[in-house]
$ cat coords.txt   # compact mmCIF, C-alpha atoms
# COMPACT_ATOMS: atom_id res chain seq x y z
CA MET A 15 13.43 -42.50 15.57
CA ALA A 16 15.45 -41.94 12.40
CA PHE A 17 12.57 -39.95 10.91
CA LEU A 18 12.24 -37.79 14.03
CA ASP A 19 16.01 -37.23 14.15
CA THR A 20 16.02 -36.11 10.50
CA LEU A 21 12.95 -33.95 11.08
CA SER A 22 14.60 -32.24 14.07
CA THR A 23 17.81 -31.61 12.11
CA ASP A 24 15.97 -30.18 9.12
CA TYR A 25 13.69 -28.10 11.34
CA ARG A 26 16.72 -26.61 13.07
CA THR A 27 18.24 -25.84 9.67
CA ILE A 28 15.20 -23.92 8.40
CA THR A 29 14.64 -22.02 11.65
CA GLU A 30 18.28 -21.14 12.36
CA ALA A 31 20.03 -21.05 8.98
CA CYS A 32 18.69 -22.00 5.52
CA GLY A 33 17.35 -25.13 3.84
CA LEU A 34 16.36 -25.91 0.26
CA LEU A 35 13.14 -27.49 -1.03
CA ASP A 36 12.36 -28.04 -4.72
CA ARG A 37 8.79 -26.90 -5.45
CA SER A 38 9.00 -27.06 -9.22
CA GLU A 39 5.81 -29.15 -9.33
CA ARG A 40 3.71 -26.06 -8.60
CA GLY A 41 1.53 -24.90 -11.47
CA LYS A 42 2.96 -21.88 -13.28
CA LEU A 43 1.33 -19.61 -15.87
CA ALA A 44 1.86 -16.13 -17.30
CA LEU A 45 -0.51 -13.51 -18.70
CA THR A 46 0.51 -10.88 -21.23
CA GLY A 47 -1.41 -8.23 -23.11
CA SER A 48 -2.67 -4.71 -22.52
CA GLU A 49 -5.77 -5.95 -20.67
CA ALA A 50 -4.21 -8.77 -18.66
CA ARG A 51 -4.49 -6.83 -15.40
CA SER A 52 -8.04 -5.59 -15.93
CA PHE A 53 -9.16 -9.10 -16.84
CA LEU A 54 -7.59 -10.74 -13.79
CA GLN A 55 -8.87 -7.92 -11.56
CA GLY A 56 -12.40 -9.13 -12.20
CA GLN A 57 -11.59 -12.78 -11.47
CA VAL A 58 -9.57 -12.86 -8.25
CA THR A 59 -10.07 -11.55 -4.72
CA ASN A 60 -7.09 -9.23 -4.42
CA ASP A 61 -6.09 -5.97 -6.14
CA VAL A 62 -4.08 -6.79 -9.25
CA GLU A 63 -4.34 -3.44 -11.00
CA GLY A 64 -2.66 -1.71 -8.06
CA LEU A 65 0.53 -3.79 -8.28
CA PRO A 66 3.65 -1.99 -9.46
CA ALA A 67 6.33 -3.98 -11.26
CA GLY A 68 8.43 -5.86 -8.72
CA ARG A 69 5.55 -6.46 -6.34
CA GLY A 70 2.96 -9.19 -6.00
CA CYS A 71 0.01 -10.43 -4.01
CA TYR A 72 -1.73 -13.55 -2.84
CA ALA A 73 -5.30 -14.12 -4.01
CA ALA A 74 -8.06 -16.67 -4.44
CA PHE A 75 -10.37 -17.39 -7.34
CA LEU A 76 -13.91 -18.32 -6.44
CA THR A 77 -17.22 -19.72 -7.59
CA PRO A 78 -20.06 -17.21 -7.95
CA LYS A 79 -21.13 -18.31 -4.45
CA GLY A 80 -17.78 -17.34 -2.96
CA LYS A 81 -16.29 -20.83 -2.55
CA MET A 82 -12.59 -21.29 -3.30
CA LEU A 83 -11.61 -22.96 -6.55
CA GLY A 84 -7.96 -22.35 -5.72
CA ASP A 85 -5.43 -19.79 -4.59
CA LEU A 86 -2.44 -18.28 -6.33
CA ARG A 87 0.50 -15.93 -6.13
CA ILE A 88 0.51 -13.09 -8.66
CA LEU A 89 3.75 -11.31 -9.53
CA ALA A 90 3.77 -8.15 -11.66
CA THR A 91 6.70 -7.52 -14.01
CA ASP A 92 7.12 -4.80 -16.62
CA ASP A 93 5.49 -6.89 -19.34
CA GLU A 94 3.60 -9.81 -17.80
CA LEU A 95 1.81 -11.24 -14.79
CA LEU A 96 3.41 -14.39 -13.39
CA LEU A 97 1.01 -16.78 -11.66
CA ASP A 98 1.78 -19.83 -9.56
CA THR A 99 -0.61 -22.11 -7.74
CA GLU A 100 -0.89 -25.49 -6.11
CA ARG A 101 -0.76 -28.16 -8.80
CA VAL A 102 -4.20 -29.43 -7.79
CA ALA A 103 -5.68 -26.01 -8.64
CA LEU A 104 -3.78 -25.48 -11.90
CA GLN A 105 -6.42 -26.89 -14.24
CA GLY A 106 -9.14 -24.83 -12.59
CA LEU A 107 -7.06 -21.66 -12.94
CA PHE A 108 -6.22 -22.48 -16.55
CA ASN A 109 -9.88 -23.16 -17.39
CA MET A 110 -11.04 -19.96 -15.72
CA ILE A 111 -8.58 -17.83 -17.66
CA ARG A 112 -9.29 -19.51 -21.00
CA ARG A 113 -13.05 -19.27 -20.52
CA PHE A 114 -13.43 -15.72 -19.29
CA SER A 115 -10.57 -13.91 -21.05
CA ILE A 116 -12.36 -14.08 -24.41
CA GLY A 117 -12.70 -10.53 -25.70
CA TYR A 118 -9.76 -9.22 -23.66
CA ASP A 119 -6.30 -8.44 -24.97
CA ALA A 120 -4.85 -11.07 -22.64
CA GLU A 121 -2.77 -14.05 -23.72
CA LEU A 122 -2.15 -17.10 -21.54
CA HIS A 123 1.23 -18.86 -21.47
CA LYS A 124 2.01 -22.24 -19.89
CA ARG A 125 5.13 -22.20 -17.70
CA THR A 126 4.76 -25.26 -15.44
CA LEU A 127 7.26 -27.44 -17.30
CA GLU A 128 9.34 -24.57 -18.67
CA SER A 129 10.11 -23.07 -15.23
CA ALA A 130 11.44 -24.43 -11.96
CA LEU A 131 10.90 -23.15 -8.42
CA LEU A 132 13.34 -23.61 -5.55
CA SER A 133 12.39 -22.49 -2.05
CA LEU A 134 15.04 -21.31 0.39
CA ILE A 135 13.62 -21.42 3.91
CA GLY A 136 15.30 -19.78 6.88
CA PRO A 137 16.86 -16.54 8.11
CA ALA A 138 19.92 -16.90 5.85
CA ALA A 139 17.86 -17.33 2.66
CA ALA A 140 18.37 -13.80 1.35
CA ALA A 141 22.15 -13.96 1.79
CA VAL A 142 22.47 -17.38 0.15
CA SER A 143 20.29 -16.37 -2.82
CA GLY A 144 21.91 -12.99 -3.42
CA ALA A 145 18.60 -11.27 -2.72
CA GLY A 146 19.75 -9.21 0.25
CA GLU A 147 18.63 -5.96 -1.40
CA LEU A 148 15.12 -7.23 -2.06
CA PRO A 149 12.40 -5.27 -0.20
CA SER A 150 11.18 -7.02 2.93
CA ASP A 151 7.48 -7.17 2.07
CA GLU A 152 6.14 -10.57 1.05
CA HIS A 153 5.91 -11.16 -2.73
CA ALA A 154 8.49 -8.47 -3.57
CA HIS A 155 10.59 -9.85 -6.40
CA ALA A 156 13.48 -9.07 -8.73
CA VAL A 157 15.88 -10.83 -11.05
CA VAL A 158 19.15 -11.43 -9.20
CA GLU A 159 22.46 -13.09 -9.99
CA VAL A 160 22.74 -16.03 -7.63
CA PRO A 161 26.21 -16.12 -6.04
CA GLY A 162 28.46 -18.86 -7.33
CA THR A 163 26.25 -19.84 -10.27
CA GLY A 164 26.97 -17.35 -13.03
CA SER A 165 23.24 -17.39 -13.76
CA SER A 166 20.23 -15.37 -12.73
CA ALA A 167 16.83 -16.21 -11.28
CA ARG A 168 13.79 -14.29 -10.13
CA ALA A 169 14.02 -13.99 -6.34
CA ILE A 170 10.65 -13.73 -4.58
CA ARG A 171 10.27 -12.79 -0.92
CA THR A 172 8.16 -15.27 1.08
CA ASP A 173 7.02 -15.31 4.69
CA VAL A 174 9.86 -17.70 5.58
CA GLY A 175 12.63 -16.94 3.07
CA ILE A 176 13.20 -16.60 -0.67
CA ASP A 177 11.80 -18.47 -3.67
CA LEU A 178 13.89 -18.66 -6.82
CA LEU A 179 12.11 -18.95 -10.17
CA CYS A 180 14.36 -20.06 -13.01
CA ASP A 181 14.38 -21.88 -16.34
CA ALA A 182 13.85 -25.61 -15.90
CA GLY A 183 17.08 -26.36 -17.77
CA GLU A 184 19.12 -24.48 -15.18
CA VAL A 185 17.60 -25.90 -12.01
CA ASP A 186 20.10 -28.71 -11.43
CA ALA A 187 23.08 -26.37 -11.59
CA LEU A 188 21.31 -23.82 -9.42
CA ARG A 189 20.35 -26.43 -6.83
CA GLY A 190 23.93 -27.69 -6.63
CA ALA A 191 25.33 -24.19 -6.21
CA LEU A 192 22.86 -23.36 -3.46
CA GLU A 193 23.69 -26.54 -1.58
CA ASN A 194 27.39 -25.73 -1.86
CA ALA A 195 26.65 -22.23 -0.55
CA GLY A 196 25.17 -23.60 2.65
CA ALA A 197 21.55 -24.42 1.84
CA PRO A 198 21.20 -28.21 2.21
CA ALA A 199 18.16 -29.99 0.88
CA VAL A 200 15.58 -30.55 3.62
CA ALA A 201 12.59 -32.86 3.86
CA GLU A 202 9.18 -31.48 2.99
CA ALA A 203 7.93 -32.72 6.39
CA ALA A 204 10.07 -30.12 8.18
CA VAL A 205 8.85 -27.33 5.90
CA GLU A 206 5.25 -28.44 6.36
CA CYS A 207 5.77 -28.42 10.12
CA LEU A 208 6.87 -24.78 9.98
CA ARG A 209 3.89 -23.96 7.76
CA VAL A 210 1.47 -25.48 10.25
CA GLU A 211 3.08 -23.60 13.13
CA ARG A 212 2.62 -20.36 11.19
CA GLY A 213 -1.01 -21.17 10.43
CA ARG A 214 -0.69 -21.01 6.65
CA PRO A 215 -3.21 -23.35 4.98
CA ARG A 216 -2.62 -25.07 1.64
CA TYR A 217 -5.30 -25.44 -0.98
CA GLY A 218 -5.97 -29.09 -1.71
CA VAL A 219 -4.66 -30.08 1.72
CA ASP A 220 -6.37 -27.87 4.29
CA LEU A 221 -8.79 -26.07 1.96
CA ASP A 222 -11.10 -27.12 -0.84
CA ASP A 223 -14.05 -25.87 -2.87
CA SER A 224 -16.33 -25.87 0.17
CA VAL A 225 -14.35 -23.07 1.87
CA ILE A 226 -14.97 -19.31 1.82
CA PRO A 227 -11.78 -17.23 2.30
CA GLN A 228 -12.88 -15.77 5.65
CA GLU A 229 -13.35 -19.26 7.09
CA ALA A 230 -9.71 -19.95 6.28
CA GLY A 231 -8.50 -16.70 7.82
CA LEU A 232 -7.43 -15.39 4.42
CA ASN A 233 -9.21 -12.04 4.27
CA GLU A 234 -6.21 -10.01 5.42
CA ARG A 235 -3.80 -11.66 3.00
CA ALA A 236 -5.95 -12.47 0.00
CA VAL A 237 -8.98 -10.15 -0.19
CA SER A 238 -9.32 -6.50 -1.12
CA PHE A 239 -12.50 -4.81 0.06
CA THR A 240 -11.80 -1.58 -1.85
CA LYS A 241 -11.32 -2.89 -5.39
CA GLY A 242 -14.11 -3.30 -7.95
CA CYS A 243 -16.29 -6.33 -8.53
CA TYR A 244 -14.96 -9.85 -8.96
CA VAL A 245 -16.49 -13.32 -9.16
CA GLY A 246 -17.85 -14.33 -5.74
CA GLN A 247 -17.52 -10.86 -4.22
CA GLU A 248 -21.10 -10.61 -2.99
CA THR A 249 -20.81 -13.61 -0.67
CA VAL A 250 -17.34 -12.63 0.58
CA ALA A 251 -18.40 -9.05 1.31
CA ARG A 252 -21.68 -10.02 2.95
CA LEU A 253 -19.96 -12.46 5.31
CA TYR A 254 -17.30 -9.88 6.16
CA TYR A 255 -19.63 -6.98 6.89
CA ARG A 256 -22.73 -8.69 8.24
CA GLY A 257 -22.05 -12.29 9.08
CA LYS A 258 -19.96 -14.59 11.18
CA PRO A 259 -18.51 -17.79 9.73
CA ASN A 260 -19.80 -21.02 11.19
CA ARG A 261 -16.29 -22.43 11.20
CA GLN A 262 -12.75 -21.08 11.29
CA LEU A 263 -9.28 -22.37 10.56
CA ARG A 264 -7.72 -23.27 13.91
CA GLY A 265 -4.67 -24.94 15.31
CA LEU A 266 -4.87 -28.10 17.39
CA ARG A 267 -2.37 -29.06 20.08
CA LEU A 268 -2.76 -32.82 20.14
CA SER A 269 -2.19 -35.07 23.12
CA GLY A 270 -0.77 -37.81 20.88
CA PRO A 271 -0.35 -38.97 17.28
CA ALA A 272 -3.33 -38.50 14.97
CA SER A 273 -4.04 -38.59 11.24
CA SER A 274 -5.37 -36.26 8.60
CA GLY A 275 -9.10 -36.80 8.24
CA ASP A 276 -9.68 -37.79 11.88
CA GLU A 277 -13.03 -36.54 13.14
CA LEU A 278 -13.18 -33.89 15.86
CA SER A 279 -16.04 -33.81 18.35
CA PHE A 280 -16.97 -31.41 21.13
CA GLU A 281 -19.67 -32.10 23.70
CA GLY A 282 -20.92 -34.99 21.59
CA ARG A 283 -21.14 -33.04 18.34
CA VAL A 284 -18.86 -33.28 15.30
CA VAL A 285 -17.11 -29.93 14.85
CA GLY A 286 -14.56 -30.70 12.14
CA HIS A 287 -11.86 -32.98 10.78
CA LEU A 288 -8.08 -32.78 11.02
CA ALA A 289 -6.33 -31.48 7.92
CA THR A 290 -2.52 -31.24 7.98
CA VAL A 291 -0.97 -33.07 10.93
CA ALA A 292 2.66 -32.46 11.89
CA GLU A 293 5.13 -33.48 14.57
CA SER A 294 6.71 -30.23 15.71
CA PRO A 295 10.12 -30.45 17.41
CA ARG A 296 9.09 -27.34 19.32
CA LEU A 297 5.41 -28.01 20.10
CA GLY A 298 4.88 -31.75 19.72
CA PRO A 299 1.97 -33.10 17.64
CA ILE A 300 -0.05 -30.27 16.08
CA ALA A 301 -2.57 -29.89 13.29
CA LEU A 302 -4.70 -27.50 11.28
CA ALA A 303 -8.45 -27.92 11.00
CA LEU A 304 -11.58 -26.01 10.07
CA VAL A 305 -13.42 -26.08 13.40
CA ARG A 306 -17.01 -25.04 14.02
CA ARG A 307 -17.42 -22.04 16.30
CA GLU A 308 -19.12 -24.19 18.96
CA ALA A 309 -15.56 -25.24 19.89
CA PRO A 310 -13.77 -21.91 20.53
CA PRO A 311 -10.06 -21.43 21.20
CA GLY A 312 -9.24 -23.04 24.53
CA ALA A 313 -11.77 -25.84 24.10
CA THR A 314 -10.65 -29.47 24.24
CA VAL A 315 -11.98 -31.66 21.46
CA ASP A 316 -11.92 -35.44 21.11
CA VAL A 317 -10.13 -36.98 18.16
CA ALA A 318 -11.98 -39.94 16.64
CA ASP A 319 -9.82 -42.94 17.40
CA ASP A 320 -9.61 -45.60 20.06
CA ARG A 321 -6.62 -44.14 21.88
CA GLY A 322 -8.22 -41.28 23.78
CA ILE A 323 -6.41 -38.57 21.81
CA THR A 324 -7.60 -35.02 22.46
CA GLY A 325 -6.79 -31.66 20.98
CA GLU A 326 -6.73 -28.15 22.40
CA VAL A 327 -8.18 -25.63 19.94
CA THR A 328 -5.84 -22.65 19.48
CA GLU A 329 -5.67 -19.39 17.60
CA LEU A 330 -3.20 -19.19 14.71
CA PRO A 331 -0.29 -18.88 14.45
CA PHE A 332 0.66 -21.27 17.25
$ encode --input "coords.txt" --output "structure tokens"
Amino acid sequence: MAFLDTLSTDYRTITEACGLLDRSERGKLALTGSEARSFLQGQVTNDVEGLPAGRGCYAAFLTPKGKMLGDLRILATDDELLLDTERVALQGLFNMIRRFSIGYDAELHKRTLESALLSLIGPAAAAVSGAGELPSDEHAHAVVEVPGTGSSARAIRTDVGIDLLCDAGEVDALRGALENAGAPAVAEAAVECLRVERGRPRYGVDLDDSVIPQEAGLNERAVSFTKGCYVGQETVARLYYRGKPNRQLRGLRLSGPASSGDELSFEGRVVGHLATVAESPRLGPIALALVRREAPPGATVDVADDRGITGEVTELPF
């Protein structure tokens, strides 16, 4: 009960006010050089060359067969491209850049340990961070002076608030100032619950190197169909224009507690496995899963356990 009480309190904080989560463990890199953009343009799924300074995009990097090796956020500044990714995908991103940037005027810089990342989640995030003037589109960013700190950080607009990117040596002072300004630290479980409700998959948790972006519902956010060639484009474009994925990222409304990895079956056939599972104060037990198209939205699937748990397949977001 204590866990559920804390979860409900933190969930209320991030949906009604503002909560703070330290995400400094994310992998962080930077690219500089006159050909940094043209190089990355040929490696990732979204349009990098079209980004003005102060804007960014979400993208994936793929195998030649269109399978995801990872995803990343790309932020354009006046003199560099800032990249951040799930830690599990960092080595793959690093290896890709080092291997294929040979011959380009593009220099790679490690920033994972040098930089920290604090996420402010909730409707009051912009006010608390001092980023109220930041454009409303996701990935817009600018250096701001954070109220009450006497220091600056790069504020980045997210789908649920503001991320602050700062020097690692300043993160403790910044965290303390934000908490004093009304952004208490919240448990990752509450933030993950909101992520699941919004239908936003995480690489290494919900997605892996067997997934094509369209299966994960990422085409709209992560893929440009008007830019030039990039690694894996042929498969991605062919599926988009001519095909239909055999599975799709879906939500599951569960009848009871279940676990990540639990098998899903429909009419006697395995149609997927649970990925992230969350206990939503608003919706009850929910989950994300890549579900085969034989089990469409509205179908009821059986969850592989001995308790008779079922799940209703839903469109995302919940």
$ residues_around --input "coords.txt" --residues "Gly246 in chain A" --least-positions-apart "6" --cutoff "6 Å" --atoms "only C-alpha atoms" --output "PDB file with C-alpha atoms, in the frame of the given file"
ATOM      1  CA  LEU A  76     -13.910 -18.320  -6.440  1.00  0.00           C
ATOM      2  CA  THR A  77     -17.220 -19.720  -7.590  1.00  0.00           C
ATOM      3  CA  PRO A  78     -20.060 -17.210  -7.950  1.00  0.00           C
ATOM      4  CA  LYS A  79     -21.130 -18.310  -4.450  1.00  0.00           C
ATOM      5  CA  GLY A  80     -17.780 -17.340  -2.960  1.00  0.00           C
TER       6      GLY A  80
END
$ closest_residue --input "coords.txt" --among "A:Leu288, A:Leu192, A:Cys32, A:Ile88" --to "Ala139 in chain A" --atoms "all atoms listed in the file"
A:Cys32
$ atom_distance --input "coords.txt" --atom1 "CA of Leu96 in chain A" --atom2 "CA of Ala140 in chain A"
21.0 Å
$ atom_distance --input "coords.txt" --atom1 "CA of Arg267 in chain A" --atom2 "CA of Leu221 in chain A"
19.5 Å
$ residues_around --input "coords.txt" --residues "Val102 in chain A" --least-positions-apart "2" --cutoff "8 Å" --atoms "only C-alpha atoms" --output "JSON, numbers by chain"
{"A": [100, 104, 105, 217, 218]}
$ atom_distance --input "coords.txt" --atom1 "CA of Asp85 in chain A" --atom2 "CA of Tyr72 in chain A"
7.5 Å
$ closest_residue --input "coords.txt" --among "A:Arg261, A:His153, A:Arg189, A:Arg256" --to "Leu65 in chain A" --atoms "only C-alpha atoms"
A:His153
$ closest_residue --input "coords.txt" --among "A:Leu179, A:Leu302, A:Leu297, A:Ala16" --to "Thr126 in chain A" --atoms "only C-alpha atoms"
A:Leu179
$ residues_near_point --input "coords.txt" --point "(14.6, -16.6, -4.5)" --cutoff "8 Å" --atoms "all atoms listed in the file" --output "list in words"
Leu132, Ser133, Leu134, Ala139, Ala140, Ser143, Ala145, Ala167, Arg168, Ala169, Ile170, Arg171, Gly175, Ile176, Asp177, Leu178 and Leu179 of chain A
$ closest_residue --input "coords.txt" --among "A:Thr91, A:Thr23, A:Ser150, A:Ser38" --to "Arg125 in chain A" --atoms "only C-alpha atoms"
A:Ser38
$ residues_around --input "coords.txt" --residues "Val219 in chain A" --least-positions-apart "4" --cutoff "9 Å" --atoms "all atoms listed in the file" --output "list in words"
Pro215, Ala289 and Thr290 of chain A
$ write_last_selection --input "coords.txt" --atoms "C-alpha atoms" --output "mmCIF file, in the coordinates of the input"
data_model
loop_
_atom_site.group_PDB
_atom_site.id
_atom_site.type_symbol
_atom_site.label_atom_id
_atom_site.label_comp_id
_atom_site.auth_asym_id
_atom_site.auth_seq_id
_atom_site.Cartn_x
_atom_site.Cartn_y
_atom_site.Cartn_z
ATOM 1 C CA PRO A 215 -3.210 -23.350 4.980
ATOM 2 C CA ALA A 289 -6.330 -31.480 7.920
ATOM 3 C CA THR A 290 -2.520 -31.240 7.980
#
$ residues_around --input "coords.txt" --residues "range 199-201 of chain A" --least-positions-apart "6" --cutoff "9 Å" --atoms "all atoms listed in the file" --output "MDAnalysis selection string"
chainID A and resid 20:21 23:25 27:28 33:36 189 193
$ write_last_selection --input "coords.txt" --atoms "C-alpha atoms" --output "short mmCIF file (atom, residue, chain, number, x, y, z; two decimals), in the frame of the given file"
data_model
loop_
_atom_site.label_atom_id
_atom_site.label_comp_id
_atom_site.auth_asym_id
_atom_site.auth_seq_id
_atom_site.Cartn_x
_atom_site.Cartn_y
_atom_site.Cartn_z
CA THR A 20 16.02 -36.11 10.50
CA LEU A 21 12.95 -33.95 11.08
CA THR A 23 17.81 -31.61 12.11
CA ASP A 24 15.97 -30.18 9.12
CA TYR A 25 13.69 -28.10 11.34
CA THR A 27 18.24 -25.84 9.67
CA ILE A 28 15.20 -23.92 8.40
CA GLY A 33 17.35 -25.13 3.84
CA LEU A 34 16.36 -25.91 0.26
CA LEU A 35 13.14 -27.49 -1.03
CA ASP A 36 12.36 -28.04 -4.72
CA ARG A 189 20.35 -26.43 -6.83
CA GLU A 193 23.69 -26.54 -1.58
#
$ closest_residue --input "coords.txt" --among "A:Ser274, A:Asn233, A:Ser129, A:Gln228" --to "Pro259 in chain A" --atoms "only C-alpha atoms"
A:Gln228
$ residues_around --input "coords.txt" --residues "range 235-239 of chain A" --least-positions-apart "3" --cutoff "8 Å" --atoms "only C-alpha atoms" --output "list in words"
Thr59, Asn60, Asp61, Cys71, Tyr72, Ala73, Ala74, Pro227, Leu232 and Ala251 of chain A
$ residues_near_point --input "coords.txt" --point "(-0.1, -31.2, 20.6)" --cutoff "7 Å" --atoms "all atoms listed in the file" --output "list in words"
Leu266, Arg267, Leu268, Ser269, Gly270, Leu297, Gly298, Pro299, Ile300 and Gly325 of chain A
